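Heads up: the structure comes next, in structure tokens.
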Amino acid sequence: MKILLNFTLAAGLLASPALSGGWEAGRLDSSMMYQDGMYAEVGSSSIDYDINGTTQASKTHKMAKDQTRTNLGFKAQYGDFDIGLATYMSGAIQLDGQSAHSTGCPTPAALCSVVPTADVTVDSLALLARYRINDNMSVLGGLNRYEVSNAKVQSLTGYYVVSGDEMAPIAGAAYENKEIALRVELLLQTETDVTLNASSSLSPLVTTTAVTGAKMVIPQTLTLNFQSGIAEDTLLFGSVHKADWKTAQINIPANAGNGPTPAISSDFANRTAYSVGIGRKLSDSISVLGSYSTEGGGGATSTDPFTLTDGSQTLALGARYSYENMTISGGYSYTKVGDVTMTHSSGLSSTYTDNKVTGIGLKLGFSF
């Protein structure tokens, strides 16, 4: 079953959430740290957000933008130490809500959409180190640098531009029994504040001016990853991912000198996601896998215009092909998202029903 330890790299494609709590787009995939010797990988996924909202003016519009995500990873081994470097899109808020206005907006305001338009991505560069205490136990540590660059958010009452970066520590431990392809890993990332350079104005047509006190908080996350052989050439794998979003909001204060432009903030809820899957090795070069994931939501009603769903359930299928020192992994996911009705304090609303997200991904890995 030792070969199945490498097989779980394909599972990483299925573990990356198409839709998740807060602004999370992708999670740190530490599976490369358990490869022998030198290893490098590159992956890309394309995600189609079929998420439509209907405003109080009966205008239906696709509120979420489609996304393409790319990740790179490299890992080297030095004695009992493994050193890894990974880049990936850790966060995204990609919305098109301000295109949902009905003819006549802004007079009366009831013809307008309160859902923002946003082009926000959070890119991560993670440096990881793993020390093998013995054949079974190892510890991990590192730093994850989060960067927001020239992110833009347009609401019904203001326009905001933000940038910033910060490092968050990573700590973890793992237990392995390679005879049965068993690995249990626990990763912790602590809550970290990111001071944002922000400016705002009443609209994109008006020059923005600086705002002080803007902040984004990276949530504390705790992730349990596990895998175990359950039969010949058959692997059970899964994860539990808990993120404390309630204390990890984005806040941009009001700009009294420009408009004035009102403050804008998020209202994320804590989330816990669960996933479980089974992989099967069909031959020395071909393996297949399937998984089911679920994440709870914040409820069937909301007052936050950034809320588009109430939780999600995902089914995914994947395959892996190996040839000499190269592996090719691919996956497809279908996510059914929970219905939610968002009613803003202004009285404007957006209702989301029968929506879904689909994604395809490809990853190339090289051992050398």
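By order in the structure tokens, chains are A, B, ...; within a chain, residues start at 1; ligands start at 1, following the order shown.
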
I'd like the neighbourhood of segment 255-272 of chain A as a tab-separated table (two decimals) with C-alpha atoms, in the first residue's frame, where a residue qualifies if any of its atoms comes within 6 Å (using only C-alpha atoms), though same-chain residues fewer than 6 positions away should be ignored.
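In the end it all went to part.tsv:
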```tsv
chain	number	residue	atom	x	y	z
A	21	GLY	CA	-16.48	30.10	3.92
A	22	GLY	CA	-15.39	33.73	4.07
A	158	GLY	CA	-19.14	53.51	-2.64
A	201	SER	CA	-14.78	57.34	-3.28
A	202	LEU	CA	-18.48	57.45	-4.09
A	211	VAL	CA	-8.64	55.81	4.26
A	241	HIS	CA	-11.39	21.88	8.15
A	242	LYS	CA	-12.54	24.40	10.77
A	243	ALA	CA	-12.21	28.15	10.11
A	244	ASP	CA	-13.07	30.84	12.68
A	245	TRP	CA	-14.45	33.43	10.27
A	246	LYS	CA	-16.68	35.20	12.80
A	249	GLN	CA	-13.76	40.15	8.90
A	295	GLU	CA	-19.80	22.57	4.52
A	298	GLY	CA	-24.71	30.69	8.02
```

Which residues are near segment 176-189 of chain A? Cut-off 10 Å, only C-alpha atoms, ignore same chain within fewer than 5 positions. Put them as a PDB file with C-alpha atoms, in the first residue's frame.
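Contents of around15.pdb, freshly written:
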```pdb
ATOM      1  CA  MET A   1       0.000   0.000   0.000  1.00  0.00           C
ATOM      2  CA  LYS A   2       3.004   2.302   0.126  1.00  0.00           C
ATOM      3  CA  ILE A   3       2.398   3.378  -3.486  1.00  0.00           C
ATOM      4  CA  LEU A   4      -0.953   4.790  -2.431  1.00  0.00           C
ATOM      5  CA  LEU A   5       0.813   7.479  -0.408  1.00  0.00           C
ATOM      6  CA  ASN A   6       1.690   9.148  -3.710  1.00  0.00           C
ATOM      7  CA  LEU A  28      -2.567  24.818   1.660  1.00  0.00           C
ATOM      8  CA  SER A  30       0.868  19.764   2.278  1.00  0.00           C
ATOM      9  CA  SER A  31       0.766  16.356   0.567  1.00  0.00           C
ATOM     10  CA  TYR A  34       5.495  13.433   2.146  1.00  0.00           C
ATOM     11  CA  ASN A 134      11.318   8.718  13.345  1.00  0.00           C
ATOM     12  CA  ASP A 135       9.631   6.469  10.790  1.00  0.00           C
ATOM     13  CA  ASN A 136       6.211   7.279  12.238  1.00  0.00           C
ATOM     14  CA  MET A 137       6.247  10.789  13.662  1.00  0.00           C
ATOM     15  CA  SER A 138       7.036  14.136  12.076  1.00  0.00           C
ATOM     16  CA  VAL A 139       6.449  17.819  12.822  1.00  0.00           C
ATOM     17  CA  LEU A 140       5.800  20.672  10.405  1.00  0.00           C
ATOM     18  CA  GLY A 141       6.207  24.427  10.574  1.00  0.00           C
ATOM     19  CA  GLY A 142       6.428  27.413   8.322  1.00  0.00           C
ATOM     20  CA  LEU A 143       5.124  30.769   7.212  1.00  0.00           C
ATOM     21  CA  ASN A 144       2.336  31.641   4.796  1.00  0.00           C
ATOM     22  CA  ALA A 168       0.876  33.912   9.210  1.00  0.00           C
ATOM     23  CA  PRO A 169       2.619  31.062  11.064  1.00  0.00           C
ATOM     24  CA  ILE A 170       1.855  27.398  10.319  1.00  0.00           C
ATOM     25  CA  ALA A 171       2.385  24.502  12.725  1.00  0.00           C
ATOM     26  CA  ILE A 218      -6.868  35.934   8.322  1.00  0.00           C
ATOM     27  CA  PRO A 219      -8.913  33.408  10.313  1.00  0.00           C
ATOM     28  CA  GLN A 220      -7.552  30.778  12.634  1.00  0.00           C
ATOM     29  CA  THR A 221      -7.875  27.431  10.878  1.00  0.00           C
ATOM     30  CA  LEU A 222      -7.473  23.874  12.110  1.00  0.00           C
ATOM     31  CA  THR A 223      -7.270  21.113   9.485  1.00  0.00           C
ATOM     32  CA  LEU A 224      -7.202  17.366  10.084  1.00  0.00           C
ATOM     33  CA  ASN A 225      -6.147  15.324   7.038  1.00  0.00           C
ATOM     34  CA  PHE A 226      -6.239  11.528   7.129  1.00  0.00           C
ATOM     35  CA  GLN A 227      -5.813   8.511   4.895  1.00  0.00           C
ATOM     36  CA  SER A 228      -5.599   4.765   5.380  1.00  0.00           C
ATOM     37  CA  GLY A 229      -5.546   1.645   3.280  1.00  0.00           C
ATOM     38  CA  ILE A 230      -8.748  -0.319   3.839  1.00  0.00           C
ATOM     39  CA  ALA A 231      -8.198  -3.150   1.347  1.00  0.00           C
ATOM     40  CA  GLU A 232      -5.674  -4.198  -1.272  1.00  0.00           C
ATOM     41  CA  ASP A 233      -5.060  -1.200  -3.591  1.00  0.00           C
ATOM     42  CA  THR A 234      -7.886   0.743  -1.921  1.00  0.00           C
ATOM     43  CA  LEU A 235      -7.460   3.923   0.097  1.00  0.00           C
ATOM     44  CA  LEU A 236      -9.840   5.849   2.349  1.00  0.00           C
ATOM     45  CA  PHE A 237      -9.041   9.570   2.725  1.00  0.00           C
ATOM     46  CA  GLY A 238     -10.685  12.702   4.049  1.00  0.00           C
ATOM     47  CA  SER A 239     -10.376  15.897   6.046  1.00  0.00           C
ATOM     48  CA  VAL A 240     -12.014  18.159   8.605  1.00  0.00           C
ATOM     49  CA  HIS A 241     -11.391  21.882   8.152  1.00  0.00           C
ATOM     50  CA  LYS A 242     -12.536  24.404  10.770  1.00  0.00           C
ATOM     51  CA  ALA A 243     -12.205  28.150  10.109  1.00  0.00           C
TER      52      ALA A 243
END
```

Taking only C-alpha atoms into account, produce a table as a Markdown table in which each residue of segment 134-156 of chain A with an atom at most 8 Å from an atom of segment 80-102 of chain A appears once, together with its shortest atom pair and the distance in Å to one decimal, ordered by chain and rising number.
```
| residue | atom | partner | partner_atom | distance |
| --- | --- | --- | --- | --- |
| A:Tyr146 | CA | A:Ser90 | CA | 7.9 |
| A:Gln154 | CA | A:Gln98 | CA | 7.4 |
| A:Ser155 | CA | A:Gln98 | CA | 7.0 |
| A:Leu156 | CA | A:Gln98 | CA | 7.2 |
```

Exercise for the section: Give me the residues within 8 Å of Thr55 of chain A as a VMD selection string, counting only C-alpha atoms and dropping any in the same chain fewer than 2 places off. Expected result: chain A and resid 53 57 to 60 100 113 348 to 351

Handout entry: From A:Lys336, A:Lys75, A:Lys363, A:His344, residue lying nearest Tyr49 of chain A [only C-alpha atoms]
Key = A:Lys336

Can you tell me, as a PDB file with C-alpha atoms, in the first residue's frame, what residues are no more than 7 Å from Lys215 of chain A when counting only C-alpha atoms, ignoring any on the same chain fewer than 4 positions away?
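The file below, out35.pdb, is the result:
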```pdb
ATOM      1  CA  ASP A 193      -4.345  40.802  11.173  1.00  0.00           C
ATOM      2  CA  VAL A 194      -3.523  42.333   7.792  1.00  0.00           C
ATOM      3  CA  THR A 195      -3.278  46.128   7.710  1.00  0.00           C
ATOM      4  CA  LEU A 196      -4.664  47.326   4.382  1.00  0.00           C
ATOM      5  CA  ILE A 250     -12.800  42.771   6.315  1.00  0.00           C
ATOM      6  CA  ASN A 251     -13.416  46.360   7.444  1.00  0.00           C
ATOM      7  CA  ILE A 252     -12.890  49.616   5.532  1.00  0.00           C
TER       8      ILE A 252
END
```

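Of note, atom CA of Gly338 of chain A and atom CA of Cys105 of chain A are spaced 29.1 Å apart.
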
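Nearest residue to Ser46 of chain A among A:Ser333, A:Ser346, A:Ile286, A:Thr209 is A:Ser333, counting only C-alpha atoms.
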
Completion exercise
Using only C-alpha atoms, the residue out of A:Ala110, A:Ala129, A:Val122, A:Val206 with shortest distance to Gly26 of chain A is A:Val122

Problem - Among the residues A:Val357, A:Val148, A:Ala40, A:Ile278, the one that comes closest to Gln313 of chain A [using only C-alpha atoms] - result: A:Val357

Using only C-alpha atoms, what table do you get, as a Markdown table, when you list each residue of segment 51-162 of chain A with an atom no more than 7 Å from segment 301-306 of chain A, its nearest pair of atoms, and their distance in Å rounded to one decimal, rows by chain then rising number?
```
| residue | atom | partner | partner_atom | distance |
| --- | --- | --- | --- | --- |
| A:Val114 | CA | A:Pro305 | CA | 6.5 |
| A:Val115 | CA | A:Pro305 | CA | 5.1 |
| A:Pro116 | CA | A:Pro305 | CA | 6.9 |
```

Practice task
Per DSSP on the backbone, filter segment 12-154 of chain A down to the residues in alpha helix (DSSP H) and report them as a PyMOL selection string.
Solution key: chain A and resi 12-15

Exercise for the section: List every residue of segment 163-332 of chain A that DSSP, applied to the backbone of this structure, places in strand (DSSP E), and write the result as a PyMOL selection string. Expected result: chain A and resi 163-177+182-189+192-195+197-201+209-211+215-218+221-231+234-243+250-252+264-265+271-281+286-295+301-302+312-323+326-332

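Distances from A:Val161, A:Val340, A:Thr117, A:Tyr334 to Ala316 of chain A were compared using only C-alpha atoms, and the smallest one belongs to A:Tyr334.
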
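The interatomic distance for the pair atom CA of Asp339 of chain A and atom CA of Ala151 of chain A works out to 27.8 Å.
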